[in-house]
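Chemist: Coordinates in data-v4.txt, compact mmCIF, C-alpha atoms and all ligand atoms, are listed below.
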# COMPACT_ATOMS: atom_id res chain seq x y z
CA MET A 1 1.91 17.00 -33.76
CA ASP A 2 5.57 17.60 -33.07
CA ILE A 3 5.34 18.86 -29.50
CA HIS A 4 3.25 15.85 -28.50
CA GLN A 5 5.63 13.38 -30.14
CA ARG A 6 8.73 15.03 -28.70
CA SER A 7 7.34 15.02 -25.15
CA MET A 8 7.44 12.03 -22.84
CA LEU A 9 3.82 11.07 -22.16
CA ILE A 10 3.03 9.28 -18.90
CA ASP A 11 -0.46 8.05 -17.98
CA ALA A 12 -0.57 7.56 -14.20
CA HIS A 13 -3.73 5.44 -14.09
CA CYS A 14 -5.70 2.91 -16.08
CA ASP A 15 -7.82 -0.13 -15.20
CA THR A 16 -6.95 -2.10 -18.30
CA LEU A 17 -5.76 -5.20 -16.41
CA ILE A 18 -9.24 -5.96 -15.05
CA LYS A 19 -10.71 -5.46 -18.53
CA LEU A 20 -8.16 -7.84 -20.10
CA LEU A 21 -9.01 -10.48 -17.52
CA ALA A 22 -12.79 -10.01 -17.72
CA GLU A 23 -12.82 -10.06 -21.52
CA ASP A 24 -10.13 -12.70 -21.89
CA ARG A 25 -8.24 -10.30 -24.12
CA MET A 26 -4.56 -9.49 -24.70
CA LEU A 27 -3.06 -6.01 -25.00
CA GLY A 28 -1.94 -6.74 -28.54
CA GLN A 29 -5.50 -7.30 -29.75
CA PRO A 30 -7.07 -4.02 -30.83
CA SER A 31 -10.29 -3.65 -28.87
CA LEU A 32 -13.45 -2.03 -30.18
CA THR A 33 -14.81 -1.20 -26.74
CA GLY A 34 -11.63 -0.80 -24.67
CA HIS A 35 -9.75 2.47 -24.23
CA ILE A 36 -6.25 1.02 -24.16
CA ASP A 37 -4.38 -1.53 -26.28
CA LEU A 38 -0.91 -1.48 -27.83
CA VAL A 39 -2.07 0.00 -31.14
CA LYS A 40 -3.89 2.84 -29.38
CA LEU A 41 -1.02 3.45 -26.93
CA ASN A 42 1.38 3.90 -29.83
CA ALA A 43 -1.08 6.03 -31.79
CA GLY A 44 -1.53 8.26 -28.72
CA GLY A 45 2.20 8.62 -28.16
CA VAL A 46 2.07 7.08 -24.68
CA ASN A 47 5.59 6.31 -23.41
CA VAL A 48 4.87 5.22 -19.86
CA GLN A 49 1.66 3.55 -18.70
CA PHE A 50 0.76 2.82 -15.09
CA PHE A 51 -1.27 -0.43 -14.89
CA ALA A 52 -3.44 -0.63 -11.79
CA VAL A 53 -4.09 -3.92 -10.04
CA PHE A 54 -7.54 -2.83 -8.84
CA ILE A 55 -8.91 -4.74 -5.89
CA HIS A 56 -12.66 -4.25 -5.92
CA PRO A 57 -13.92 -3.96 -2.31
CA ASP A 58 -16.05 -7.08 -2.88
CA TYR A 59 -12.82 -9.08 -2.58
CA GLY A 60 -12.12 -7.57 0.84
CA GLU A 61 -8.98 -8.16 2.87
CA ASP A 62 -9.59 -11.93 2.82
CA SER A 63 -9.33 -12.36 -0.94
CA GLY A 64 -7.34 -9.21 -1.71
CA ILE A 65 -3.99 -10.99 -2.02
CA ALA A 66 -5.39 -13.72 -4.29
CA ARG A 67 -7.08 -11.17 -6.54
CA ALA A 68 -3.86 -9.13 -6.74
CA MET A 69 -1.92 -12.24 -7.79
CA GLU A 70 -4.48 -12.99 -10.50
CA LEU A 71 -4.12 -9.49 -11.96
CA ILE A 72 -0.33 -9.35 -11.57
CA ASN A 73 -0.22 -12.60 -13.54
CA VAL A 74 -2.24 -10.92 -16.32
CA PHE A 75 0.24 -8.04 -16.27
CA TYR A 76 3.26 -10.34 -16.62
CA GLN A 77 1.56 -12.29 -19.40
CA GLN A 78 1.29 -9.07 -21.42
CA CYS A 79 4.91 -8.08 -20.75
CA GLN A 80 6.07 -11.54 -21.81
CA LYS A 81 3.91 -11.85 -24.91
CA TYR A 82 4.66 -8.34 -26.15
CA SER A 83 8.24 -8.03 -24.92
CA SER A 84 9.27 -6.25 -28.13
CA GLN A 85 6.77 -3.47 -27.41
CA LEU A 86 6.27 -3.33 -23.64
CA ALA A 87 8.48 -3.77 -20.56
CA LEU A 88 8.17 -3.41 -16.79
CA ALA A 89 10.02 -0.41 -15.34
CA THR A 90 10.98 -0.44 -11.66
CA CYS A 91 13.30 2.59 -11.54
CA GLN A 92 14.02 5.76 -13.48
CA ASP A 93 16.94 4.15 -15.36
CA ASP A 94 14.52 1.44 -16.59
CA LEU A 95 12.05 4.09 -17.69
CA ILE A 96 14.64 5.98 -19.72
CA ARG A 97 16.18 2.83 -21.24
CA ILE A 98 12.83 1.30 -22.20
CA VAL A 99 11.41 4.50 -23.69
CA GLN A 100 14.63 5.21 -25.60
CA SER A 101 14.46 1.73 -27.12
CA GLY A 102 11.06 2.66 -28.57
CA LYS A 103 9.02 0.51 -26.20
CA ILE A 104 6.28 1.45 -23.77
CA ALA A 105 7.42 1.35 -20.15
CA ALA A 106 4.89 -0.17 -17.76
CA ILE A 107 4.67 0.80 -14.10
CA LEU A 108 2.92 -1.79 -11.98
CA ALA A 109 0.57 -0.21 -9.44
CA ILE A 110 -2.00 -1.45 -6.94
CA GLU A 111 -5.34 0.32 -6.39
CA GLY A 112 -6.80 -0.63 -3.03
CA GLY A 113 -4.86 -1.53 0.12
CA GLU A 114 -7.00 -4.68 0.43
CA ALA A 115 -4.21 -6.22 -1.66
CA LEU A 116 -2.09 -6.33 1.50
CA GLY A 117 -4.62 -8.51 3.30
CA GLY A 118 -3.77 -6.54 6.43
CA GLN A 119 -0.19 -7.83 6.37
CA LEU A 120 2.78 -5.47 6.33
CA TYR A 121 5.03 -8.23 4.99
CA MET A 122 3.14 -8.10 1.70
CA LEU A 123 4.76 -4.73 0.89
CA PRO A 124 8.31 -6.03 0.30
CA ILE A 125 6.80 -8.98 -1.59
CA TYR A 126 4.88 -6.65 -3.90
CA TYR A 127 8.03 -4.58 -4.25
CA LEU A 128 9.91 -7.68 -5.43
CA LEU A 129 7.09 -8.32 -7.91
CA GLY A 130 7.73 -4.87 -9.37
CA VAL A 131 4.94 -2.84 -7.76
CA ARG A 132 6.03 0.79 -7.33
CA CYS A 133 2.79 2.63 -6.52
CA ILE A 134 -0.16 1.89 -4.23
CA THR A 135 -3.49 3.71 -4.06
CA LEU A 136 -4.12 3.32 -0.33
CA THR A 137 -7.90 2.97 -0.50
CA TRP A 138 -10.72 2.85 -2.96
CA ASN A 139 -13.94 4.61 -1.89
CA GLY A 140 -14.66 2.49 1.17
CA ARG A 141 -12.85 1.58 4.40
CA ASN A 142 -9.94 -0.82 4.60
CA SER A 143 -7.34 -1.67 7.22
CA ILE A 144 -5.16 1.29 6.10
CA ALA A 145 -7.65 4.16 6.05
CA ASP A 146 -11.08 5.37 4.86
CA GLY A 147 -11.90 6.31 1.30
CA VAL A 148 -13.92 9.31 0.11
CA GLY A 149 -17.18 7.36 0.22
CA VAL A 150 -17.11 6.80 4.00
CA LYS A 151 -19.37 9.11 6.06
CA SER A 152 -17.54 10.82 8.97
CA ALA A 153 -14.38 9.18 7.71
CA ALA A 154 -11.40 8.42 9.93
CA GLY A 155 -7.77 8.86 8.93
CA LEU A 156 -4.90 6.39 8.96
CA THR A 157 -5.13 3.39 11.25
CA SER A 158 -2.04 2.32 13.18
CA PHE A 159 -1.53 -0.30 10.45
CA GLY A 160 -1.92 2.45 7.85
CA LEU A 161 0.77 4.47 9.58
CA LYS A 162 3.15 1.50 9.33
CA VAL A 163 2.25 1.08 5.65
CA ILE A 164 3.24 4.71 4.92
CA ARG A 165 6.58 4.28 6.71
CA GLU A 166 7.34 1.00 4.94
CA MET A 167 6.39 2.42 1.53
CA ASN A 168 8.76 5.32 2.23
CA ASN A 169 11.51 2.87 3.19
CA LEU A 170 11.03 0.68 0.13
CA GLY A 171 10.66 3.53 -2.36
CA MET A 172 7.03 3.10 -3.39
CA LEU A 173 4.82 5.96 -4.53
CA ILE A 174 1.88 6.71 -2.24
CA ASP A 175 -1.27 7.47 -4.21
CA VAL A 176 -3.83 9.62 -2.35
CA SER A 177 -6.59 9.52 -4.97
CA HIS A 178 -9.76 7.98 -3.43
CA LEU A 179 -8.52 8.73 0.10
CA ALA A 180 -10.83 10.69 2.44
CA GLU A 181 -9.58 14.20 3.17
CA ILE A 182 -8.69 13.49 6.80
CA GLY A 183 -6.45 10.64 5.68
CA PHE A 184 -4.92 12.85 2.98
CA TRP A 185 -3.71 15.31 5.62
CA GLU A 186 -2.32 12.53 7.81
CA VAL A 187 -0.42 10.98 4.90
CA LEU A 188 1.12 14.36 4.03
CA ALA A 189 2.13 14.82 7.67
CA VAL A 190 3.70 11.37 7.99
CA SER A 191 5.27 10.65 4.59
CA ASN A 192 8.88 11.71 4.17
CA GLN A 193 8.44 11.50 0.39
CA PRO A 194 6.23 13.52 -1.97
CA VAL A 195 2.95 11.83 -2.88
CA LEU A 196 0.93 11.40 -6.03
CA ALA A 197 -2.79 11.72 -6.76
CA THR A 198 -2.97 9.42 -9.79
CA HIS A 199 -6.47 10.34 -10.96
CA SER A 200 -8.23 13.34 -9.42
CA ASN A 201 -9.27 16.83 -10.53
CA CYS A 202 -9.98 20.17 -8.85
CA ALA A 203 -12.97 20.41 -6.49
CA ALA A 204 -13.04 24.19 -7.04
CA LEU A 205 -14.20 23.54 -10.62
CA CYS A 206 -16.19 20.35 -10.06
CA ASP A 207 -17.36 19.69 -6.53
CA HIS A 208 -17.00 15.92 -6.44
CA PRO A 209 -15.59 14.10 -3.37
CA ARG A 210 -12.98 12.41 -5.60
CA ASN A 211 -11.50 15.80 -6.49
CA LEU A 212 -8.98 17.76 -4.41
CA ASN A 213 -9.80 21.14 -2.90
CA ASP A 214 -7.44 24.09 -3.26
CA ARG A 215 -5.91 23.63 0.19
CA GLN A 216 -5.09 20.01 -0.67
CA ILE A 217 -3.61 20.97 -4.04
CA ILE A 218 -1.42 23.66 -2.48
CA ALA A 219 -0.19 21.31 0.27
CA LEU A 220 0.46 18.42 -2.11
CA ALA A 221 2.42 20.75 -4.39
CA LYS A 222 4.38 22.22 -1.50
CA ALA A 223 5.46 18.68 -0.58
CA GLY A 224 6.66 18.11 -4.16
CA GLY A 225 3.73 15.96 -5.29
CA VAL A 226 1.93 15.64 -8.62
CA ILE A 227 -1.77 15.44 -9.52
CA GLY A 228 -2.72 13.27 -12.47
CA LEU A 229 -5.64 15.15 -13.99
CA THR A 230 -8.22 12.62 -14.97
CA LEU A 231 -10.65 12.13 -17.84
CA VAL A 232 -13.48 10.77 -15.66
CA PRO A 233 -16.39 12.91 -16.98
CA GLU A 234 -18.07 13.29 -13.54
CA PHE A 235 -14.82 14.69 -12.12
CA ILE A 236 -14.45 17.20 -14.98
CA SER A 237 -17.82 18.92 -14.74
CA GLU A 238 -21.37 18.30 -13.56
CA TYR A 239 -22.58 19.99 -16.73
CA GLN A 240 -21.61 18.67 -20.17
CA PRO A 241 -18.00 17.65 -19.49
CA SER A 242 -15.74 18.40 -22.45
CA LEU A 243 -12.08 18.78 -23.36
CA ASP A 244 -12.40 22.51 -22.79
CA LYS A 245 -13.70 21.98 -19.26
CA TYR A 246 -10.96 19.39 -18.64
CA LEU A 247 -8.34 21.96 -19.69
CA ASP A 248 -9.82 24.44 -17.18
CA HIS A 249 -8.46 22.12 -14.45
CA PHE A 250 -4.95 22.57 -15.85
CA ASP A 251 -5.35 26.35 -15.82
CA HIS A 252 -6.66 26.26 -12.28
CA ILE A 253 -3.69 24.31 -10.91
CA VAL A 254 -1.23 26.48 -12.84
CA ASP A 255 -2.82 29.55 -11.24
CA LEU A 256 -2.64 27.96 -7.79
CA VAL A 257 0.81 26.33 -7.73
CA GLY A 258 2.36 26.55 -11.18
CA PRO A 259 2.72 23.84 -13.83
CA GLU A 260 5.26 21.66 -11.99
CA HIS A 261 2.65 19.62 -10.14
CA ILE A 262 0.42 18.49 -13.01
CA GLY A 263 0.39 15.13 -14.73
CA ILE A 264 -2.13 12.99 -16.60
CA GLY A 265 -4.03 10.05 -15.09
CA THR A 266 -6.72 9.01 -17.56
CA ASP A 267 -8.60 6.23 -15.70
CA PHE A 268 -9.16 4.67 -19.11
CA ASP A 269 -10.83 1.25 -19.01
CA GLY A 270 -12.06 2.17 -15.53
CA ILE A 271 -14.82 4.44 -16.86
CA ASP A 272 -17.87 3.66 -18.97
CA GLU A 273 -18.26 7.14 -20.42
CA THR A 274 -15.56 9.43 -21.79
CA ILE A 275 -15.56 12.97 -23.07
CA LEU A 276 -16.19 13.06 -26.80
CA GLU A 277 -12.86 14.61 -27.80
CA VAL A 278 -10.67 12.12 -25.89
CA SER A 279 -12.54 8.84 -26.11
CA ASP A 280 -9.50 6.54 -25.82
CA CYS A 281 -5.72 6.77 -25.43
CA ALA A 282 -5.17 7.24 -29.17
CA MET A 283 -6.91 10.61 -28.77
CA LEU A 284 -4.53 11.94 -26.07
CA PRO A 285 -2.79 14.29 -28.55
CA GLN A 286 -6.03 16.33 -28.33
CA ILE A 287 -4.95 17.39 -24.84
CA THR A 288 -1.66 18.72 -26.20
CA ALA A 289 -3.48 20.50 -29.02
CA GLY A 290 -5.79 22.09 -26.46
CA LEU A 291 -2.88 23.23 -24.28
CA ILE A 292 -1.12 24.78 -27.29
CA LYS A 293 -4.34 26.61 -28.17
CA ARG A 294 -4.42 28.02 -24.66
CA GLY A 295 -0.92 29.40 -25.06
CA TYR A 296 1.10 26.84 -23.08
CA ASP A 297 4.71 26.73 -24.31
CA GLU A 298 6.55 23.54 -25.22
CA ASP A 299 8.53 23.34 -21.97
CA THR A 300 5.40 23.59 -19.87
CA ILE A 301 3.53 21.05 -21.99
CA ALA A 302 6.42 18.60 -21.71
CA LYS A 303 6.34 18.94 -17.91
CA ILE A 304 2.58 18.36 -17.79
CA LEU A 305 2.55 15.39 -20.16
CA GLY A 306 5.26 13.50 -18.30
CA GLY A 307 8.21 15.56 -17.11
CA ASN A 308 6.75 16.25 -13.69
CA LEU A 309 5.80 12.61 -13.11
CA MET A 310 9.21 11.50 -14.34
CA SER A 311 10.93 13.70 -11.74
CA LEU A 312 8.62 12.42 -9.02
CA LEU A 313 9.26 8.81 -10.01
CA GLY A 314 13.01 9.43 -9.98
CA LYS A 315 12.80 10.97 -6.52
CA VAL A 316 10.63 8.25 -4.96
CA ILE A 317 11.38 4.95 -6.70
CA GLY A 318 14.99 5.82 -7.55
ZN ZN B 401 -9.88 4.77 -9.25
Starting from the coordinates I provided, produce the structure as structure tokens.
Modeler:
Amino acid sequence: MDIHQRSMLIDAHCDTLIKLLAEDRMLGQPSLTGHIDLVKLNAGGVNVQFFAVFIHPDYGEDSGIARAMELINVFYQQCQKYSSQLALATCQDDLIRIVQSGKIAAILAIEGGEALGGQLYMLPIYYLLGVRCITLTWNGRNSIADGVGVKSAAGLTSFGLKVIREMNNLGMLIDVSHLAEIGFWEVLAVSNQPVLATHSNCAALCDHPRNLNDRQIIALAKAGGVIGLTLVPEFISEYQPSLDKYLDHFDHIVDLVGPEHIGIGTDFDGIDETILEVSDCAMLPQITAGLIKRGYDEDTIAKILGGNLMSLLGKVIG
């Protein structure tokens, strides 16, 4: 499909690094069970892939740094082994150069502030290692803030406040997916840069705590942010999630704030179930086909697939 191939496609979230480590697999080996490998990325027309260094809460703040190093090592092993197909991007110039050379640009991200081990000095160290995006929390509580799974959740801690300021200073994207709503509002109030929700959908269509309500979507958009609409079936619909119901989330955000604040954040390799029509990253052109069917024009589709995220990356990471 021409429109899909011509557009820059950015996936703002996947958990492939933990899968590679757990299965002792490399990105160049086509996987029968995995959602992402180099063959599938190319088949799906993916130009930029965020790779999350996910710190499962079991590791806690004590082992968070060690776990992050283990996964960052896996990331660099892939970049080294497949350097003709994949390269780390740390700024917009990198992204453009890498994609133009026909390679996949990789953005290194961290999911779970436990990776800081409660130490602010870890932020510039991660920055030096190439990390450009941090999901502040997972579903539980950490030293930065509370996630969506915490009952009567609190917002940012004083350490969390410092983390936001330092991420702003360094030029790192703040990811508010997984963050409890109270913390979401505090981040928007404090951050002097637009923020990203790497993998969340609309609560108005699917009332799940991981989704954003309309007030959140409007505020995030007003601040210049982007929402990576995600393929997690439970966040698409409680009843028979499908591509059609996934596309309803696009329509809903367009109605609310226009198409400039939508991106894609699959959560591939972080989910056990997928919707039938988009069961791995090779099937991503199905999203474009669905948008065309709904009457979206090429310009709008290009913004949704990657243009909006590209602008946000340029603004925040430089
Ligand atoms: Zn997640």
Chemist: At a cut-off of 7 Å, can you tabulate as JSON lines every residue of chain A near ligand ZN 401 (chain B) together with its closest atom pair and the distance in Å to one decimal, using all atoms listed in the file and ordering rows by chain then number?
Modeler:
{"residue": "A:Glu111", "atom": "CA", "partner": "B:ZN401", "partner_atom": "ZN", "distance": 7.0}
{"residue": "A:Trp138", "atom": "CA", "partner": "B:ZN401", "partner_atom": "ZN", "distance": 6.6}
{"residue": "A:His178", "atom": "CA", "partner": "B:ZN401", "partner_atom": "ZN", "distance": 6.6}
{"residue": "A:His199", "atom": "CA", "partner": "B:ZN401", "partner_atom": "ZN", "distance": 6.8}
{"residue": "A:Asp267", "atom": "CA", "partner": "B:ZN401", "partner_atom": "ZN", "distance": 6.7}
Chemist: Which is closer to Val48 in chain A than all the others in A:Ala153, A:Ile287, A:Val190, A:Leu305, using only C-alpha atoms?
Modeler: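 Using only C-alpha atoms, Val48 in chain A sits closest to A:Leu305.
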Chemist: Can you tell me, as a list in words, what residues are no more than 9 Å from Cys133 in chain A when counting all atoms listed in the file, ignoring any on the same chain fewer than 3 positions away?
Modeler: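 Close residues of Cys133 in chain A: Phe50, Ala52, Ile107, Leu108, Ala109, Ile110, Glu111, Met167, Gly171, Met172, Leu173, Ile174, Asp175, Leu196 and Ile317 of chain A.
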Chemist: For Pro209 in chain A, which residue among A:Val148, A:Leu256, A:Ile164, A:Leu247 is the nearest when counting all atoms listed in the file?
Modeler: A:Val148
Chemist: Show which residues sit within 8 Å of Gly140 in chain A, as a compact mmCIF listing (two decimals) with C-alpha atoms, in the frame of the given file. Count only C-alpha atoms, and ignore same-chain residues fewer than 5 positions away.
Modeler:
# COMPACT_ATOMS: atom_id res chain seq x y z
CA PRO A 57 -13.92 -3.96 -2.31
CA ASP A 146 -11.08 5.37 4.86
CA GLY A 147 -11.90 6.31 1.30
CA VAL A 148 -13.92 9.31 0.11
CA GLY A 149 -17.18 7.36 0.22
CA VAL A 150 -17.11 6.80 4.00
Chemist: In Å to one decimal, how far is CA of Thr198 in chain A from CA of Gly228 in chain A?
Modeler: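 Taking CA of Gly228 in chain A as the start and CA of Thr198 in chain A as the end point, the length is 4.7 Å.
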Chemist: Skip Val278 in chain A itself and residues of its chain fewer than 4 positions away, then list as a list in words all residues within 9 Å of it, counting only C-alpha atoms.
Modeler: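 Near neighbours after the sequence-gap exclusion: Leu231, Ser242, Leu243, Thr274, Ala282, Met283, Leu284, Pro285, Gln286 and Ile287 of chain A.
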Chemist: When you draw a straight line from CA of Trp185 in chain A to CA of Ile271 in chain A, how long is it in Å?
Modeler: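 Taking CA of Trp185 in chain A and CA of Ile271 in chain A, their separation equals 27.3 Å.
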Chemist: So the first atom is CA of Leu136 in chain A and the second is CA of Gly113 in chain A; what is the distance between them in Å, to one decimal place?
Modeler: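 About the pair CA of Leu136 in chain A and CA of Gly113 in chain A: they are 4.9 Å apart.
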Chemist: Restricting the calculation to only C-alpha atoms, which member of A:Asp244, A:Glu238, A:Glu181, A:Glu186 is positioned closest to Gln216 in chain A?
Modeler: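 Checking each candidate against Gln216 in chain A, we get A:Glu181 as the closest.
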Chemist: Between A:Thr157, A:Gln77, A:Gly64, A:Thr135, which is the closest to Met122 in chain A once you count all atoms listed in the file?
Modeler: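 Closest to Met122 in chain A, using all atoms listed in the file: A:Gly64.
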Chemist: When distances are computed from only C-alpha atoms, which of A:Arg165, A:Lys40, A:Lys19, A:Arg97 shows the smallest separation from Asp280 in chain A?
Modeler: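 Selected residue with least distance to Asp280 in chain A: A:Lys40.
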Chemist: Calculated over only C-alpha atoms, which of the candidates A:Leu161, A:Gly225, A:Asn42, A:Gly263 has the smallest distance to Pro30 in chain A?
Modeler: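 Distance minimum relative to Pro30 in chain A lands on A:Asn42.
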Chemist: Some atoms are missing, so please complete range 121-152 of chain A with N, CA and C atoms and return it as a PDB file, keeping the file's coordinate frame.
Modeler:
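See out-v4.pdb below for the written result:
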ATOM      1  N   TYR A 121       3.990  -7.512   5.740  1.00  0.00           N
ATOM      2  CA  TYR A 121       5.030  -8.230   4.990  1.00  0.00           C
ATOM      3  C   TYR A 121       4.712  -8.364   3.510  1.00  0.00           C
ATOM      4  N   MET A 122       3.461  -8.049   3.116  1.00  0.00           N
ATOM      5  CA  MET A 122       3.140  -8.100   1.700  1.00  0.00           C
ATOM      6  C   MET A 122       3.808  -6.966   0.913  1.00  0.00           C
ATOM      7  N   LEU A 123       4.160  -5.866   1.614  1.00  0.00           N
ATOM      8  CA  LEU A 123       4.760  -4.730   0.890  1.00  0.00           C
ATOM      9  C   LEU A 123       6.086  -5.089   0.232  1.00  0.00           C
ATOM     10  N   PRO A 124       7.063  -5.641   0.989  1.00  0.00           N
ATOM     11  CA  PRO A 124       8.310  -6.030   0.300  1.00  0.00           C
ATOM     12  C   PRO A 124       8.102  -7.119  -0.745  1.00  0.00           C
ATOM     13  N   ILE A 125       7.077  -7.951  -0.569  1.00  0.00           N
ATOM     14  CA  ILE A 125       6.800  -8.980  -1.590  1.00  0.00           C
ATOM     15  C   ILE A 125       6.295  -8.315  -2.873  1.00  0.00           C
ATOM     16  N   TYR A 126       5.358  -7.371  -2.719  1.00  0.00           N
ATOM     17  CA  TYR A 126       4.880  -6.650  -3.900  1.00  0.00           C
ATOM     18  C   TYR A 126       6.021  -5.859  -4.548  1.00  0.00           C
ATOM     19  N   TYR A 127       6.893  -5.317  -3.700  1.00  0.00           N
ATOM     20  CA  TYR A 127       8.030  -4.580  -4.250  1.00  0.00           C
ATOM     21  C   TYR A 127       8.878  -5.497  -5.139  1.00  0.00           C
ATOM     22  N   LEU A 128       9.131  -6.701  -4.647  1.00  0.00           N
ATOM     23  CA  LEU A 128       9.910  -7.680  -5.430  1.00  0.00           C
ATOM     24  C   LEU A 128       9.193  -8.045  -6.733  1.00  0.00           C
ATOM     25  N   LEU A 129       7.864  -8.018  -6.686  1.00  0.00           N
ATOM     26  CA  LEU A 129       7.090  -8.320  -7.910  1.00  0.00           C
ATOM     27  C   LEU A 129       7.052  -7.140  -8.875  1.00  0.00           C
ATOM     28  N   GLY A 130       7.632  -6.012  -8.458  1.00  0.00           N
ATOM     29  CA  GLY A 130       7.730  -4.870  -9.370  1.00  0.00           C
ATOM     30  C   GLY A 130       6.762  -3.734  -9.091  1.00  0.00           C
ATOM     31  N   VAL A 131       5.917  -3.891  -8.060  1.00  0.00           N
ATOM     32  CA  VAL A 131       4.940  -2.840  -7.760  1.00  0.00           C
ATOM     33  C   VAL A 131       5.666  -1.604  -7.205  1.00  0.00           C
ATOM     34  N   ARG A 132       5.348  -0.442  -7.765  1.00  0.00           N
ATOM     35  CA  ARG A 132       6.030   0.790  -7.330  1.00  0.00           C
ATOM     36  C   ARG A 132       5.055   1.892  -6.905  1.00  0.00           C
ATOM     37  N   CYS A 133       3.766   1.597  -6.890  1.00  0.00           N
ATOM     38  CA  CYS A 133       2.790   2.630  -6.520  1.00  0.00           C
ATOM     39  C   CYS A 133       1.562   1.935  -5.938  1.00  0.00           C
ATOM     40  N   ILE A 134       1.064   2.455  -4.811  1.00  0.00           N
ATOM     41  CA  ILE A 134      -0.160   1.890  -4.230  1.00  0.00           C
ATOM     42  C   ILE A 134      -1.153   2.999  -3.901  1.00  0.00           C
ATOM     43  N   THR A 135      -2.366   2.859  -4.434  1.00  0.00           N
ATOM     44  CA  THR A 135      -3.490   3.710  -4.060  1.00  0.00           C
ATOM     45  C   THR A 135      -4.002   3.128  -2.743  1.00  0.00           C
ATOM     46  N   LEU A 136      -3.905   3.899  -1.653  1.00  0.00           N
ATOM     47  CA  LEU A 136      -4.120   3.320  -0.330  1.00  0.00           C
ATOM     48  C   LEU A 136      -5.511   2.735  -0.148  1.00  0.00           C
ATOM     49  N   THR A 137      -6.519   3.451  -0.657  1.00  0.00           N
ATOM     50  CA  THR A 137      -7.900   2.970  -0.500  1.00  0.00           C
ATOM     51  C   THR A 137      -8.619   3.103  -1.829  1.00  0.00           C
ATOM     52  N   TRP A 138      -9.778   2.459  -1.918  1.00  0.00           N
ATOM     53  CA  TRP A 138     -10.720   2.850  -2.960  1.00  0.00           C
ATOM     54  C   TRP A 138     -11.738   3.733  -2.237  1.00  0.00           C
ATOM     55  N   ASN A 139     -13.030   3.655  -2.518  1.00  0.00           N
ATOM     56  CA  ASN A 139     -13.940   4.610  -1.890  1.00  0.00           C
ATOM     57  C   ASN A 139     -14.385   4.225  -0.480  1.00  0.00           C
ATOM     58  N   GLY A 140     -14.193   2.955  -0.126  1.00  0.00           N
ATOM     59  CA  GLY A 140     -14.660   2.490   1.170  1.00  0.00           C
ATOM     60  C   GLY A 140     -13.558   2.458   2.224  1.00  0.00           C
ATOM     61  N   ARG A 141     -13.805   1.693   3.279  1.00  0.00           N
ATOM     62  CA  ARG A 141     -12.850   1.580   4.400  1.00  0.00           C
ATOM     63  C   ARG A 141     -12.034   0.314   4.229  1.00  0.00           C
ATOM     64  N   ASN A 142     -10.743   0.391   4.486  1.00  0.00           N
ATOM     65  CA  ASN A 142      -9.940  -0.820   4.600  1.00  0.00           C
ATOM     66  C   ASN A 142      -9.034  -0.712   5.812  1.00  0.00           C
ATOM     67  N   SER A 143      -8.127  -1.660   5.981  1.00  0.00           N
ATOM     68  CA  SER A 143      -7.340  -1.670   7.220  1.00  0.00           C
ATOM     69  C   SER A 143      -6.290  -0.565   7.252  1.00  0.00           C
ATOM     70  N   ILE A 144      -6.130   0.180   6.131  1.00  0.00           N
ATOM     71  CA  ILE A 144      -5.160   1.290   6.100  1.00  0.00           C
ATOM     72  C   ILE A 144      -5.834   2.615   6.475  1.00  0.00           C
ATOM     73  N   ALA A 145      -6.978   2.869   5.854  1.00  0.00           N
ATOM     74  CA  ALA A 145      -7.650   4.160   6.050  1.00  0.00           C
ATOM     75  C   ALA A 145      -9.048   4.115   5.432  1.00  0.00           C
ATOM     76  N   ASP A 146      -9.743   5.255   5.463  1.00  0.00           N
ATOM     77  CA  ASP A 146     -11.080   5.370   4.860  1.00  0.00           C
ATOM     78  C   ASP A 146     -10.989   6.093   3.522  1.00  0.00           C
ATOM     79  N   GLY A 147     -11.812   5.649   2.587  1.00  0.00           N
ATOM     80  CA  GLY A 147     -11.900   6.310   1.300  1.00  0.00           C
ATOM     81  C   GLY A 147     -12.933   7.433   1.319  1.00  0.00           C
ATOM     82  N   VAL A 148     -13.059   8.131   0.180  1.00  0.00           N
ATOM     83  CA  VAL A 148     -13.920   9.310   0.110  1.00  0.00           C
ATOM     84  C   VAL A 148     -15.409   8.991   0.270  1.00  0.00           C
ATOM     85  N   GLY A 149     -15.768   7.718   0.132  1.00  0.00           N
ATOM     86  CA  GLY A 149     -17.180   7.360   0.220  1.00  0.00           C
ATOM     87  C   GLY A 149     -17.651   7.062   1.633  1.00  0.00           C
ATOM     88  N   VAL A 150     -16.744   7.129   2.617  1.00  0.00           N
ATOM     89  CA  VAL A 150     -17.110   6.800   4.000  1.00  0.00           C
ATOM     90  C   VAL A 150     -17.621   8.060   4.712  1.00  0.00           C
ATOM     91  N   LYS A 151     -18.815   7.963   5.312  1.00  0.00           N
ATOM     92  CA  LYS A 151     -19.370   9.110   6.060  1.00  0.00           C
ATOM     93  C   LYS A 151     -18.616   9.260   7.373  1.00  0.00           C
ATOM     94  N   SER A 152     -18.387  10.484   7.809  1.00  0.00           N
ATOM     95  CA  SER A 152     -17.540  10.820   8.970  1.00  0.00           C
ATOM     96  C   SER A 152     -16.312   9.916   8.985  1.00  0.00           C
TER      97      SER A 152
END
